[in-house]
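J.: Quick one: the structure is below, questions incoming.
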Amino acid sequence: MREILIAGGGYAGFYTAWGLEKTLLPGEARITIVDPRPYMTYQPFLPEVTAGSVEARHSAVSLRRTRLIAGTVTEIRNADRTVTVRPANGADREIRYDILVVTAGAVTRTFSIPGLTQQAIGLKHVEEAVAICDRLMTAFDQAASLPPGPERQKLLTVTFVGGGFSGVEGFGELLSLATAMLKSYPELSLDDLSFHLVEARGRILPEVSDGPGAWVVRSLERRGARVHLNTQVESVQEGRVVLSDGEEFESALIVWTAGNASNPVVHNHTDLPVDKRGLLLVRPDLRVGTDSEPVPDVSAAGDDATVPDLAFPVPGARTVPNAQHAVRQGRLLAKNLAAHLRAGRVRNYRHSSLGVVATLGRGIFQYKGIVIKGLPAWLMHRGYHVLAVPTWERKVRVPAAWITAALFGRDLVSLASVQHLREAFVTSEEAQGFGVSRASEETAA
């Protein structure tokens, strides 16, 4: 039985494994996914997780339907047909394969900005989205007990860095959450909130045209936010945000969504062919290599692969790294791998964009020259993603949560204490004197 190893359980990896599980016959091949997380994150729901509109677990789909090794691929040596895996616990191990699928995905791109790694939170994983939501709710609780002043202002100041889809959607949804929460905090007003979106380019949402992008900026500003275009962050030390235009302010919550970078294992720790950006060279049929020099039994898809865009009229174009392509590449890759095992014909990847849709606490949809804004686009966004999220169980749970929120309002309960779950236990133990006596016992021993 041939060993198919899938390095990465994101969109492309999940749909490749799922398709193979449904296509291959028992005993035809064994499929293994290597990923540090036991689930695939449905990233379009992360902005709504930050806003409490979607339950955190509803934005994740278990990978346990396939054989899973919980760990990180740290090196790929295709010459030996082995990968090195670093598990969460224990020593590194080598795993052999007959067929390799690289879908490791991209990582958050960061820069050497003072204070960034100490102060900022990303928005690529469920845990980060939950932390952002809880921190905002906790900040409201703390600010409501303070008099007006710098400390209160800092708690209610939110800064997002990065004007792509992930940043703008997260920013818009969190702004909606903050506005809704004011009804439960009579001590606070809209004037107390300070939301900043910082983008280095002269526009946000590069995936849409100039007109809709400008409309989103105006919509956010009408809701009380500030959008800083052509502006870079120079420092965030101790929560003090310093911008390149000279403006400075204190911010308790800083979210970094300024693009993606090549996965380190693909960029630096593989003998597979990569381009100058550190992305795998991929043929139209999703096999790694070039038209003249394919790499046998190795395929790739998703954000760490440069897949030719055959639907784009300009020769040499590559597919953009988004969910539309990753899902469809994964589905085609499963069919091609099954065809390869059975000596059948593989197909090239071709997909024309279905348009872009985003939730911003409002909504916007664009397909070529057609632009829809406001509530209709917001409903289209939700309808599309209910259809797109994997498994029928999720297709039922997510709309049920939306309906519940529409009837009863958002659930405004912060669980930030789970990030320090032993604090209450240790404090209780010390208050009763157990911590002191135990320390004395240990000293005597």
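Ordered as shown in the structure tokens, chains take letters A, B, and onward, while each chain numbers its residues from 1 and ligands are numbered from 1 in the order shown.
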Tell me, as a list in words, which residues lie within 8 Å of region 199-213 of chain A, counting only C-alpha atoms; anything in the same chain fewer than 6 positions away does not count.
T.: Val161, Gly162, Gly163, Gly164, Phe165, Val168, Val227, His228, Leu229, Asn230, Thr231, Gln232, Val356, Ile364, Gln366 and Val371 of chain A
J.: Report as a VMD selection string: the residues of region 184-312 of chain A with a DSSP assignment of strand (DSSP E or B), based on the backbone of this structure.
T.: chain A and resid 194 to 198 226 to 228 233 to 235 240 to 243 248 to 250 253 to 256 260 to 261 270 274 280 to 282 287 to 289 294 to 300 305 to 306 308
J.: I need the residue nearest Asp304 (chain A) from this list: A:Asn263, A:Thr117, A:Gln142, A:Gln324. Use only C-alpha atoms for the distance.
T.: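 Checking each of A:Asn263, A:Thr117, A:Gln142, A:Gln324 against Asp304 (chain A), counting only C-alpha atoms, the winner is A:Asn263.
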J.: Please report, as a ChimeraX atom specification, each residue of region 133-382 of chain A to which DSSP assigns alpha helix (DSSP H) when run on this structure's backbone.
T.: /A:133-144,150-155,165-181,210-222,264-268,323-341,375-382
J.: Using only C-alpha atoms, which protein or nucleic acid residues come within 12 Å of Val107 (chain A)? Drop anything in the same chain fewer than 4 positions from it, and give the result as a JSON list (two decimals) with N, CA and C atoms, in the first residue's frame.
T.:
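Generated output (selection21.json):
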```
[["chain", "number", "residue", "atom", "x", "y", "z"],
["A", 10, "GLY", "N", -4.36, 22.77, 6.14],
["A", 10, "GLY", "CA", -5.22, 23.92, 5.83],
["A", 10, "GLY", "C", -6.23, 23.56, 4.76],
["A", 122, "GLY", "N", -1.85, 38.16, 15.98],
["A", 122, "GLY", "CA", -2.18, 37.88, 14.59],
["A", 122, "GLY", "C", -3.65, 37.51, 14.44],
["A", 123, "LEU", "N", -4.05, 37.20, 13.20],
["A", 123, "LEU", "CA", -5.43, 36.78, 12.96],
["A", 123, "LEU", "C", -5.44, 35.70, 11.88],
["A", 124, "LYS", "N", -4.73, 34.60, 12.16],
["A", 124, "LYS", "CA", -4.71, 33.46, 11.25],
["A", 124, "LYS", "C", -5.30, 32.20, 11.88],
["A", 125, "HIS", "N", -5.45, 32.20, 13.20],
["A", 125, "HIS", "CA", -5.89, 30.99, 13.89],
["A", 125, "HIS", "C", -7.07, 31.29, 14.81],
["A", 257, "THR", "N", -2.15, 42.20, 10.72],
["A", 257, "THR", "CA", -2.65, 41.42, 9.59],
["A", 257, "THR", "C", -1.99, 41.90, 8.29],
["A", 258, "ALA", "N", -0.72, 42.28, 8.38],
["A", 258, "ALA", "CA", -0.04, 42.91, 7.24],
["A", 258, "ALA", "C", 0.59, 41.87, 6.32],
["A", 259, "GLY", "N", -0.23, 40.99, 5.77],
["A", 259, "GLY", "CA", 0.22, 40.10, 4.73],
["A", 259, "GLY", "C", 0.81, 38.79, 5.21],
["A", 260, "ASN", "N", 1.17, 37.96, 4.21],
["A", 260, "ASN", "CA", 1.70, 36.62, 4.47],
["A", 260, "ASN", "C", 3.12, 36.49, 3.95],
["A", 261, "ALA", "N", 3.83, 35.52, 4.48],
["A", 261, "ALA", "CA", 5.19, 35.20, 4.03],
["A", 261, "ALA", "C", 5.27, 33.71, 3.76],
["A", 262, "SER", "N", 6.26, 33.34, 2.98],
["A", 262, "SER", "CA", 6.46, 31.93, 2.64],
["A", 262, "SER", "C", 6.71, 31.11, 3.90],
["A", 263, "ASN", "N", 6.17, 29.89, 3.91],
["A", 263, "ASN", "CA", 6.39, 28.99, 5.03],
["A", 263, "ASN", "C", 7.88, 28.66, 5.14],
["A", 264, "PRO", "N", 8.47, 28.77, 6.34],
["A", 264, "PRO", "CA", 9.93, 28.56, 6.47],
["A", 264, "PRO", "C", 10.40, 27.20, 5.97],
["A", 265, "VAL", "N", 9.60, 26.14, 6.17],
["A", 265, "VAL", "CA", 10.07, 24.82, 5.73],
["A", 265, "VAL", "C", 10.19, 24.77, 4.21],
["A", 266, "VAL", "N", 9.29, 25.46, 3.50],
["A", 266, "VAL", "CA", 9.35, 25.50, 2.05],
["A", 266, "VAL", "C", 10.45, 26.44, 1.58],
["A", 267, "HIS", "N", 10.59, 27.54, 2.28],
["A", 267, "HIS", "CA", 11.57, 28.57, 1.88],
["A", 267, "HIS", "C", 13.00, 28.12, 2.13],
["A", 303, "ASP", "N", -1.29, 28.30, -0.50],
["A", 303, "ASP", "CA", -0.54, 29.55, -0.40],
["A", 303, "ASP", "C", 0.96, 29.40, -0.60],
["A", 304, "ASP", "N", 1.51, 28.19, -0.47],
["A", 304, "ASP", "CA", 2.96, 28.04, -0.63],
["A", 304, "ASP", "C", 3.34, 27.51, -2.01],
["A", 321, "PRO", "N", -3.22, 33.84, -3.65],
["A", 321, "PRO", "CA", -3.38, 32.96, -2.49],
["A", 321, "PRO", "C", -4.66, 33.26, -1.71]]
```
J.: Mind checking which residues fall within 6 Å of region 38-51 of chain A, counting only C-alpha atoms, ignoring those fewer than 2 positions away in the same chain, and posting them as a ChimeraX atom specification?
T.: /A:9-10,53-54,56,59-63,129-130,132-133,169-170,173-174,177
J.: Between A:Ala180, A:Val198, A:Leu20, A:Leu190, which has the minimum distance to His340 (chain A) (counting only C-alpha atoms)?
T.: A:Leu20
J.: Env of Val101 (chain A): 9 Å cut, atoms = only C-alpha atoms, seq-sep filter 2 positions within chain, self excluded. Answer as a list in words.
T.: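 Counting only C-alpha atoms, the residues come to Ile4, Leu5, Ile6, Ala7, Gly8, Gly13, Thr16, Ile99, Thr103, Arg287, Asp297, Val298, Ser299, Ala300, Ala301 and Leu333 of chain A.
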J.: Quick one: residues within 7 Å of Ala29 (chain A), only C-alpha atoms, excluding same-chain residues fewer than 4 positions away - as a ChimeraX atom specification?
T.: /A:1-4
J.: So that I can check the surroundings of region 76-84 of chain A, please list as a PyMOL selection string every protein, DNA and RNA residue that reaches within 9 Å of it, counting only C-alpha atoms and ignoring chain neighbours fewer than 6 positions away.
T.: chain A and resi 7+92-100+265-266+269-272+298
J.: Using only C-alpha atoms, which of the listed residues (A:Phe160, A:Tyr11, A:Tyr349, A:Trp256) sits closest to Ile121 (chain A)?
T.: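 Checking each candidate against Ile121 (chain A), we get A:Trp256 as the closest.
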J.: Rounded to one decimal in Å, what is the spacing between CA of Glu151 (chain A) and CA of Arg410 (chain A)?
T.: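 These atoms are spaced 26.5 Å apart.
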